[in-house]
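Only one structure is covered here, and it is reproduced in the block below.
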Amino acid sequence: MLTRPRLWFTLVAVWFAILFWLSSQAHLHPPGPEFEGRDKILHVGYFALGGILFFAGIRLRKPALGLLAAAFITIAFCSAVGAFDEWHQTFTPNRSGNDPSDWLADTLGGLLGAIGGHWLLRLLPRSASC
């Protein structure tokens, strides 16, 4: 089951739906301690998760696609979703949106997600990994 691209792309869709819902919240208070830069760490972490899911899906769907090409596509995907998310927040009351540092954190999350996705696929049985 973990070798099926459809599973990974379904999880990407769920990830995106949750992101859209979170961005639609006028007051978002994630649990945990408050500290400087917490928001950026949350952005990087959430987009790294999305990047892992997307990278796994694309590498399993197109095994002939090179590692760097899959990583670039994953980073571009996360960056585009991050830009959309920032734009979407401009329509949410009490949210500012269009924050370049949030978008940069989303893009960095995509890079980390591509790396994490590569590691994840290496853990799968050899017949499933790329």
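In the structure tokens, each chain is lettered A, B, ... as it comes, each chain's residues begin at 1, and ligands are numbered from 1 in order of appearance.
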
Test item: residues at most 7 Å from range 84-87 of chain A, only C-alpha atoms, excluding those fewer than 6 positions along its chain, as an mmCIF file with C-alpha atoms, in the first residue's frame:
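Written output follows (around01.cif):
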```cif
data_model
loop_
_atom_site.group_PDB
_atom_site.id
_atom_site.type_symbol
_atom_site.label_atom_id
_atom_site.label_comp_id
_atom_site.auth_asym_id
_atom_site.auth_seq_id
_atom_site.Cartn_x
_atom_site.Cartn_y
_atom_site.Cartn_z
ATOM 1 C CA SER A 23 -5.607 29.586 6.819
ATOM 2 C CA GLY A 97 -1.154 37.232 4.552
ATOM 3 C CA ASN A 98 1.363 38.143 1.857
ATOM 4 C CA ASP A 99 4.237 37.674 4.320
#
```

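Within the 7 Å cut-off around Thr74 in chain A, using only C-alpha atoms and omitting residues fewer than 5 positions from it on the same chain, the listed residues are Gly51, Phe54, Phe55, Gly110 and Ala114 of chain A.
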
Run DSSP on the backbone of this structure and report the residues of range 17-46 of chain A it assigns to alpha helix (DSSP H), as an mmCIF file with N, CA, C and O atoms, in the first residue's frame.
```cif
data_model
loop_
_atom_site.group_PDB
_atom_site.id
_atom_site.type_symbol
_atom_site.label_atom_id
_atom_site.label_comp_id
_atom_site.auth_asym_id
_atom_site.auth_seq_id
_atom_site.Cartn_x
_atom_site.Cartn_y
_atom_site.Cartn_z
ATOM 1 N N ALA A 17 -6.115 20.436 2.164
ATOM 2 C CA ALA A 17 -7.422 20.805 2.723
ATOM 3 C C ALA A 17 -7.274 21.316 4.160
ATOM 4 O O ALA A 17 -7.913 22.304 4.547
ATOM 5 N N ILE A 18 -6.427 20.663 4.933
ATOM 6 C CA ILE A 18 -6.187 21.117 6.307
ATOM 7 C C ILE A 18 -5.515 22.485 6.296
ATOM 8 O O ILE A 18 -5.877 23.370 7.080
ATOM 9 N N LEU A 19 -4.550 22.675 5.413
ATOM 10 C CA LEU A 19 -3.886 23.972 5.287
ATOM 11 C C LEU A 19 -4.904 25.063 4.951
ATOM 12 O O LEU A 19 -4.894 26.144 5.549
ATOM 13 N N PHE A 20 -5.787 24.783 4.005
ATOM 14 C CA PHE A 20 -6.803 25.759 3.615
ATOM 15 C C PHE A 20 -7.696 26.093 4.800
ATOM 16 O O PHE A 20 -8.006 27.256 5.052
ATOM 17 N N TRP A 21 -8.091 25.074 5.547
ATOM 18 C CA TRP A 21 -8.933 25.289 6.728
ATOM 19 C C TRP A 21 -8.190 26.125 7.768
ATOM 20 O O TRP A 21 -8.751 27.064 8.333
ATOM 21 N N LEU A 22 -6.927 25.776 8.038
ATOM 22 C CA LEU A 22 -6.141 26.534 9.021
ATOM 23 C C LEU A 22 -5.996 27.988 8.597
ATOM 24 O O LEU A 22 -6.098 28.900 9.425
ATOM 25 N N SER A 23 -5.772 28.222 7.319
ATOM 26 C CA SER A 23 -5.607 29.586 6.819
ATOM 27 C C SER A 23 -6.907 30.368 6.833
ATOM 28 O O SER A 23 -6.893 31.593 6.713
ATOM 29 N N ARG A 38 8.540 31.172 16.245
ATOM 30 C CA ARG A 38 7.709 29.963 16.317
ATOM 31 C C ARG A 38 6.861 29.792 15.061
ATOM 32 O O ARG A 38 6.743 28.694 14.523
ATOM 33 N N ASP A 39 6.305 30.880 14.590
ATOM 34 C CA ASP A 39 5.464 30.855 13.399
ATOM 35 C C ASP A 39 6.233 30.297 12.196
ATOM 36 O O ASP A 39 5.716 29.477 11.445
ATOM 37 N N LYS A 40 7.468 30.721 12.047
ATOM 38 C CA LYS A 40 8.273 30.257 10.901
ATOM 39 C C LYS A 40 8.601 28.770 11.033
ATOM 40 O O LYS A 40 8.579 28.031 10.048
ATOM 41 N N ILE A 41 8.884 28.317 12.239
ATOM 42 C CA ILE A 41 9.157 26.894 12.456
ATOM 43 C C ILE A 41 7.921 26.068 12.135
ATOM 44 O O ILE A 41 8.021 24.995 11.520
ATOM 45 N N LEU A 42 6.755 26.560 12.516
ATOM 46 C CA LEU A 42 5.506 25.854 12.193
ATOM 47 C C LEU A 42 5.297 25.796 10.679
ATOM 48 O O LEU A 42 4.866 24.773 10.142
ATOM 49 N N HIS A 43 5.598 26.894 9.988
ATOM 50 C CA HIS A 43 5.485 26.904 8.527
ATOM 51 C C HIS A 43 6.430 25.881 7.903
ATOM 52 O O HIS A 43 6.032 25.087 7.049
ATOM 53 N N VAL A 44 7.690 25.911 8.316
ATOM 54 C CA VAL A 44 8.678 24.975 7.771
ATOM 55 C C VAL A 44 8.227 23.536 8.030
ATOM 56 O O VAL A 44 8.251 22.695 7.128
ATOM 57 N N GLY A 45 7.810 23.255 9.246
ATOM 58 C CA GLY A 45 7.400 21.887 9.596
ATOM 59 C C GLY A 45 6.201 21.408 8.806
ATOM 60 O O GLY A 45 6.191 20.279 8.293
ATOM 61 N N TYR A 46 5.187 22.257 8.692
ATOM 62 C CA TYR A 46 3.981 21.830 7.980
ATOM 63 C C TYR A 46 4.272 21.613 6.497
ATOM 64 O O TYR A 46 3.806 20.640 5.893
#
```

Choose the residue, out of A:Thr90, A:Ala105, A:Ile52, A:Ile115, that has the smallest atom-to-atom separation from Val12 in chain A; count only C-alpha atoms. A:Ile52

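With only C-alpha atoms as the atoms that count, the residue of A:Phe9, A:Leu28, A:Arg95, A:Ser101 with the shortest distance to Gly82 in chain A is A:Ser101.
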
Could you work out how far CA of Thr3 in chain A lies from CA of Leu121 in chain A, giving the answer in Å with one decimal? 8.9 Å

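Using only C-alpha atoms, the protein and nucleic acid residues lying no more than 9 Å from Ile73 in chain A, apart from those fewer than 4 places from it along its own chain, are Phe55, Ile58, Leu68, Ala69, Phe77 and Cys78 of chain A.
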
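Taking CA of Phe16 in chain A and CA of Gly50 in chain A as endpoints, the distance between them is 7.9 Å.
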